[in-house]
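Here the structure comes first, spelled out in structure tokens, and everything after it is commentary.
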Amino acid sequence: MRCVIARFPFDLTKSGVLESMKGVKPEPVTGESVIIGRRHYPVKQVGQVITRQDRRDFSAGEVLRAMALLGFTCRNVPEAAAAPIESPLQLASAMLGAPLSV
């Protein structure tokens with residue numbers, strides 16, 4: 001499949017990406033990720049390995065689009081859990097703190 005990453009055209013195949021990522025240790029995932037084989041790789045790490053470009057030269061979206069079109073599972077940044085809404089009484093109680101033991 002032909003795709004453009006950082007204004008450069010690349011002919012990528014699923015087997016070619018699998019071969020390129022073979023033996024590459026995944027870095028800790030803090031944002032978007034791609035599942036290649038049984039491993040979760042950060043998108044920027046995958047882009048750097050398959051394009052041999054600096055991570056600052058391309059966006060995560062470009063790599064995510066290419067990996068999704070090749071059939072890889074892509075994960076977005078997990079949403080932060082919403083804090084439970086407290087009633088005014090609970091909020092005031094929390095601001096005052098717990099009573100002191102004498």
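By convention in this document, the chains of the structure tokens carry letters A, B, ... by their order, each chain's residues are numbered from 1, and ligands are numbered from 1 in the order they are shown.
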For this session: Write out as a PyMOL selection string each polymer residue whose atoms come within 12 Å of A:Gly23, counting only C-alpha atoms; drop sequence neighbours fewer than 5 positions from it.
Result: chain A and resi 17-18+36-37+39+49
Exercise. Can you list every residue in chain A that DSSP puts in strand (DSSP E or B), as a PyMOL selection string?
Worked result: chain A and resi 2-5+8-11+33-36+39-42+73-75
Produce a file of the selected residues containing N, CA, C and O atoms, as a PDB file, in the first residue's frame.
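Output contents, as saved in selection-v2.pdb:
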```pdb
ATOM      1  N   ARG A   2       0.550   2.177  -0.807  1.00  0.00           N
ATOM      2  CA  ARG A   2       1.320   3.415  -0.881  1.00  0.00           C
ATOM      3  C   ARG A   2       0.700   4.433   0.065  1.00  0.00           C
ATOM      4  O   ARG A   2      -0.500   4.680   0.022  1.00  0.00           O
ATOM      5  N   CYS A   3       1.520   5.011   0.937  1.00  0.00           N
ATOM      6  CA  CYS A   3       1.038   6.042   1.846  1.00  0.00           C
ATOM      7  C   CYS A   3       2.104   7.120   1.981  1.00  0.00           C
ATOM      8  O   CYS A   3       3.272   6.891   1.689  1.00  0.00           O
ATOM      9  N   VAL A   4       1.666   8.294   2.395  1.00  0.00           N
ATOM     10  CA  VAL A   4       2.566   9.428   2.549  1.00  0.00           C
ATOM     11  C   VAL A   4       2.708   9.724   4.035  1.00  0.00           C
ATOM     12  O   VAL A   4       1.720   9.944   4.736  1.00  0.00           O
ATOM     13  N   ILE A   5       3.942   9.700   4.507  1.00  0.00           N
ATOM     14  CA  ILE A   5       4.258  10.038   5.893  1.00  0.00           C
ATOM     15  C   ILE A   5       5.353  11.088   5.847  1.00  0.00           C
ATOM     16  O   ILE A   5       6.403  10.867   5.244  1.00  0.00           O
ATOM     17  N   PHE A   8       6.730  12.161   2.437  1.00  0.00           N
ATOM     18  CA  PHE A   8       7.492  11.193   1.646  1.00  0.00           C
ATOM     19  C   PHE A   8       6.606   9.980   1.373  1.00  0.00           C
ATOM     20  O   PHE A   8       5.956   9.472   2.284  1.00  0.00           O
ATOM     21  N   PRO A   9       6.584   9.471   0.148  1.00  0.00           N
ATOM     22  CA  PRO A   9       5.772   8.287  -0.153  1.00  0.00           C
ATOM     23  C   PRO A   9       6.487   7.005   0.293  1.00  0.00           C
ATOM     24  O   PRO A   9       7.704   6.875   0.163  1.00  0.00           O
ATOM     25  N   PHE A  10       5.706   6.084   0.841  1.00  0.00           N
ATOM     26  CA  PHE A  10       6.231   4.787   1.280  1.00  0.00           C
ATOM     27  C   PHE A  10       5.312   3.701   0.752  1.00  0.00           C
ATOM     28  O   PHE A  10       4.094   3.848   0.741  1.00  0.00           O
ATOM     29  N   ASP A  11       5.903   2.606   0.305  1.00  0.00           N
ATOM     30  CA  ASP A  11       5.147   1.419  -0.073  1.00  0.00           C
ATOM     31  C   ASP A  11       5.241   0.445   1.090  1.00  0.00           C
ATOM     32  O   ASP A  11       6.261  -0.222   1.272  1.00  0.00           O
ATOM     33  N   SER A  33      -1.165   3.926  20.462  1.00  0.00           N
ATOM     34  CA  SER A  33      -0.331   2.744  20.286  1.00  0.00           C
ATOM     35  C   SER A  33      -0.859   1.885  19.135  1.00  0.00           C
ATOM     36  O   SER A  33      -1.993   2.033  18.703  1.00  0.00           O
ATOM     37  N   VAL A  34       0.014   1.002  18.670  1.00  0.00           N
ATOM     38  CA  VAL A  34      -0.314   0.050  17.608  1.00  0.00           C
ATOM     39  C   VAL A  34       0.033  -1.335  18.126  1.00  0.00           C
ATOM     40  O   VAL A  34       1.097  -1.529  18.719  1.00  0.00           O
ATOM     41  N   ILE A  35      -0.865  -2.292  17.909  1.00  0.00           N
ATOM     42  CA  ILE A  35      -0.593  -3.671  18.309  1.00  0.00           C
ATOM     43  C   ILE A  35      -0.019  -4.391  17.100  1.00  0.00           C
ATOM     44  O   ILE A  35      -0.680  -4.532  16.069  1.00  0.00           O
ATOM     45  N   ILE A  36       1.237  -4.799  17.234  1.00  0.00           N
ATOM     46  CA  ILE A  36       1.919  -5.531  16.162  1.00  0.00           C
ATOM     47  C   ILE A  36       2.351  -6.864  16.764  1.00  0.00           C
ATOM     48  O   ILE A  36       3.151  -6.901  17.695  1.00  0.00           O
ATOM     49  N   ARG A  39       2.484  -7.397  20.770  1.00  0.00           N
ATOM     50  CA  ARG A  39       3.080  -6.292  21.525  1.00  0.00           C
ATOM     51  C   ARG A  39       2.414  -4.966  21.197  1.00  0.00           C
ATOM     52  O   ARG A  39       1.994  -4.732  20.075  1.00  0.00           O
ATOM     53  N   HIS A  40       2.353  -4.093  22.196  1.00  0.00           N
ATOM     54  CA  HIS A  40       1.833  -2.735  22.031  1.00  0.00           C
ATOM     55  C   HIS A  40       3.024  -1.798  21.865  1.00  0.00           C
ATOM     56  O   HIS A  40       3.867  -1.691  22.752  1.00  0.00           O
ATOM     57  N   TYR A  41       3.099  -1.127  20.735  1.00  0.00           N
ATOM     58  CA  TYR A  41       4.176  -0.186  20.446  1.00  0.00           C
ATOM     59  C   TYR A  41       3.616   1.235  20.393  1.00  0.00           C
ATOM     60  O   TYR A  41       2.534   1.446  19.845  1.00  0.00           O
ATOM     61  N   PRO A  42       4.363   2.223  20.910  1.00  0.00           N
ATOM     62  CA  PRO A  42       3.952   3.610  20.697  1.00  0.00           C
ATOM     63  C   PRO A  42       3.991   3.939  19.205  1.00  0.00           C
ATOM     64  O   PRO A  42       4.853   3.456  18.473  1.00  0.00           O
ATOM     65  N   THR A  73      -4.287  -3.195  14.672  1.00  0.00           N
ATOM     66  CA  THR A  73      -5.170  -2.608  15.672  1.00  0.00           C
ATOM     67  C   THR A  73      -4.484  -1.400  16.279  1.00  0.00           C
ATOM     68  O   THR A  73      -3.361  -1.501  16.774  1.00  0.00           O
ATOM     69  N   CYS A  74      -5.164  -0.256  16.231  1.00  0.00           N
ATOM     70  CA  CYS A  74      -4.615   0.986  16.767  1.00  0.00           C
ATOM     71  C   CYS A  74      -5.447   1.418  17.957  1.00  0.00           C
ATOM     72  O   CYS A  74      -6.670   1.300  17.960  1.00  0.00           O
ATOM     73  N   ARG A  75      -4.775   1.928  18.982  1.00  0.00           N
ATOM     74  CA  ARG A  75      -5.455   2.398  20.191  1.00  0.00           C
ATOM     75  C   ARG A  75      -5.167   3.877  20.377  1.00  0.00           C
ATOM     76  O   ARG A  75      -4.037   4.322  20.222  1.00  0.00           O
TER      77      ARG A  75
END
```
For this session: Give me, please, the distance in Å between atom CA of A:Met67 and atom CA of A:Lys25, quoted to one decimal.
Result: 18.3 Å
For this session: Using DSSP on the backbone coordinates, identify all residues within chain A classified as helix (DSSP H, G or I); present the result as a ChimeraX atom specification.
Result: /A:14-21,43-51,55-57,60-70,88-96
Would you save the residues from that selection as an mmCIF file, in the first residue's frame, using C-alpha atoms?
```cif
data_model
loop_
_atom_site.group_PDB
_atom_site.id
_atom_site.type_symbol
_atom_site.label_atom_id
_atom_site.label_comp_id
_atom_site.auth_asym_id
_atom_site.auth_seq_id
_atom_site.Cartn_x
_atom_site.Cartn_y
_atom_site.Cartn_z
ATOM 1 C CA LYS A 14 1.688 -5.730 6.601
ATOM 2 C CA SER A 15 4.392 -8.394 6.297
ATOM 3 C CA GLY A 16 7.028 -5.689 5.769
ATOM 4 C CA VAL A 17 5.975 -3.879 8.941
ATOM 5 C CA LEU A 18 5.973 -7.165 10.882
ATOM 6 C CA GLU A 19 9.496 -7.910 9.601
ATOM 7 C CA SER A 20 10.735 -4.393 10.443
ATOM 8 C CA MET A 21 9.377 -4.567 13.996
ATOM 9 C CA VAL A 43 2.932 5.059 17.329
ATOM 10 C CA LYS A 44 5.987 7.291 17.078
ATOM 11 C CA GLN A 45 8.329 4.327 17.670
ATOM 12 C CA VAL A 46 6.654 2.356 14.872
ATOM 13 C CA GLY A 47 6.862 5.354 12.545
ATOM 14 C CA GLN A 48 10.543 5.826 13.292
ATOM 15 C CA VAL A 49 11.372 2.175 12.614
ATOM 16 C CA ILE A 50 9.395 1.776 9.384
ATOM 17 C CA THR A 51 10.299 5.164 7.843
ATOM 18 C CA ARG A 55 10.036 11.223 15.269
ATOM 19 C CA ARG A 56 9.677 14.994 14.991
ATOM 20 C CA ASP A 57 9.280 14.751 11.200
ATOM 21 C CA ALA A 60 1.148 10.215 15.113
ATOM 22 C CA GLY A 61 -2.002 10.589 13.008
ATOM 23 C CA GLU A 62 -0.144 9.846 9.786
ATOM 24 C CA VAL A 63 1.239 6.596 11.185
ATOM 25 C CA LEU A 64 -2.077 5.636 12.805
ATOM 26 C CA ARG A 65 -3.882 6.041 9.475
ATOM 27 C CA ALA A 66 -1.297 3.940 7.635
ATOM 28 C CA MET A 67 -1.288 1.172 10.269
ATOM 29 C CA ALA A 68 -5.095 1.043 10.374
ATOM 30 C CA LEU A 69 -5.257 0.740 6.571
ATOM 31 C CA LEU A 70 -2.776 -2.137 6.740
ATOM 32 C CA PRO A 88 -22.127 21.166 48.256
ATOM 33 C CA LEU A 89 -22.282 19.500 51.697
ATOM 34 C CA GLN A 90 -19.680 16.873 50.708
ATOM 35 C CA LEU A 91 -17.445 19.568 49.200
ATOM 36 C CA ALA A 92 -17.602 21.732 52.349
ATOM 37 C CA SER A 93 -16.912 18.708 54.545
ATOM 38 C CA ALA A 94 -13.867 17.774 52.467
ATOM 39 C CA MET A 95 -12.562 21.364 52.639
ATOM 40 C CA LEU A 96 -12.866 21.408 56.445
#
```
Exercise. Separation of atom CA of A:Lys22 and atom CA of A:Arg38, in Å?
Worked result: 11.2 Å
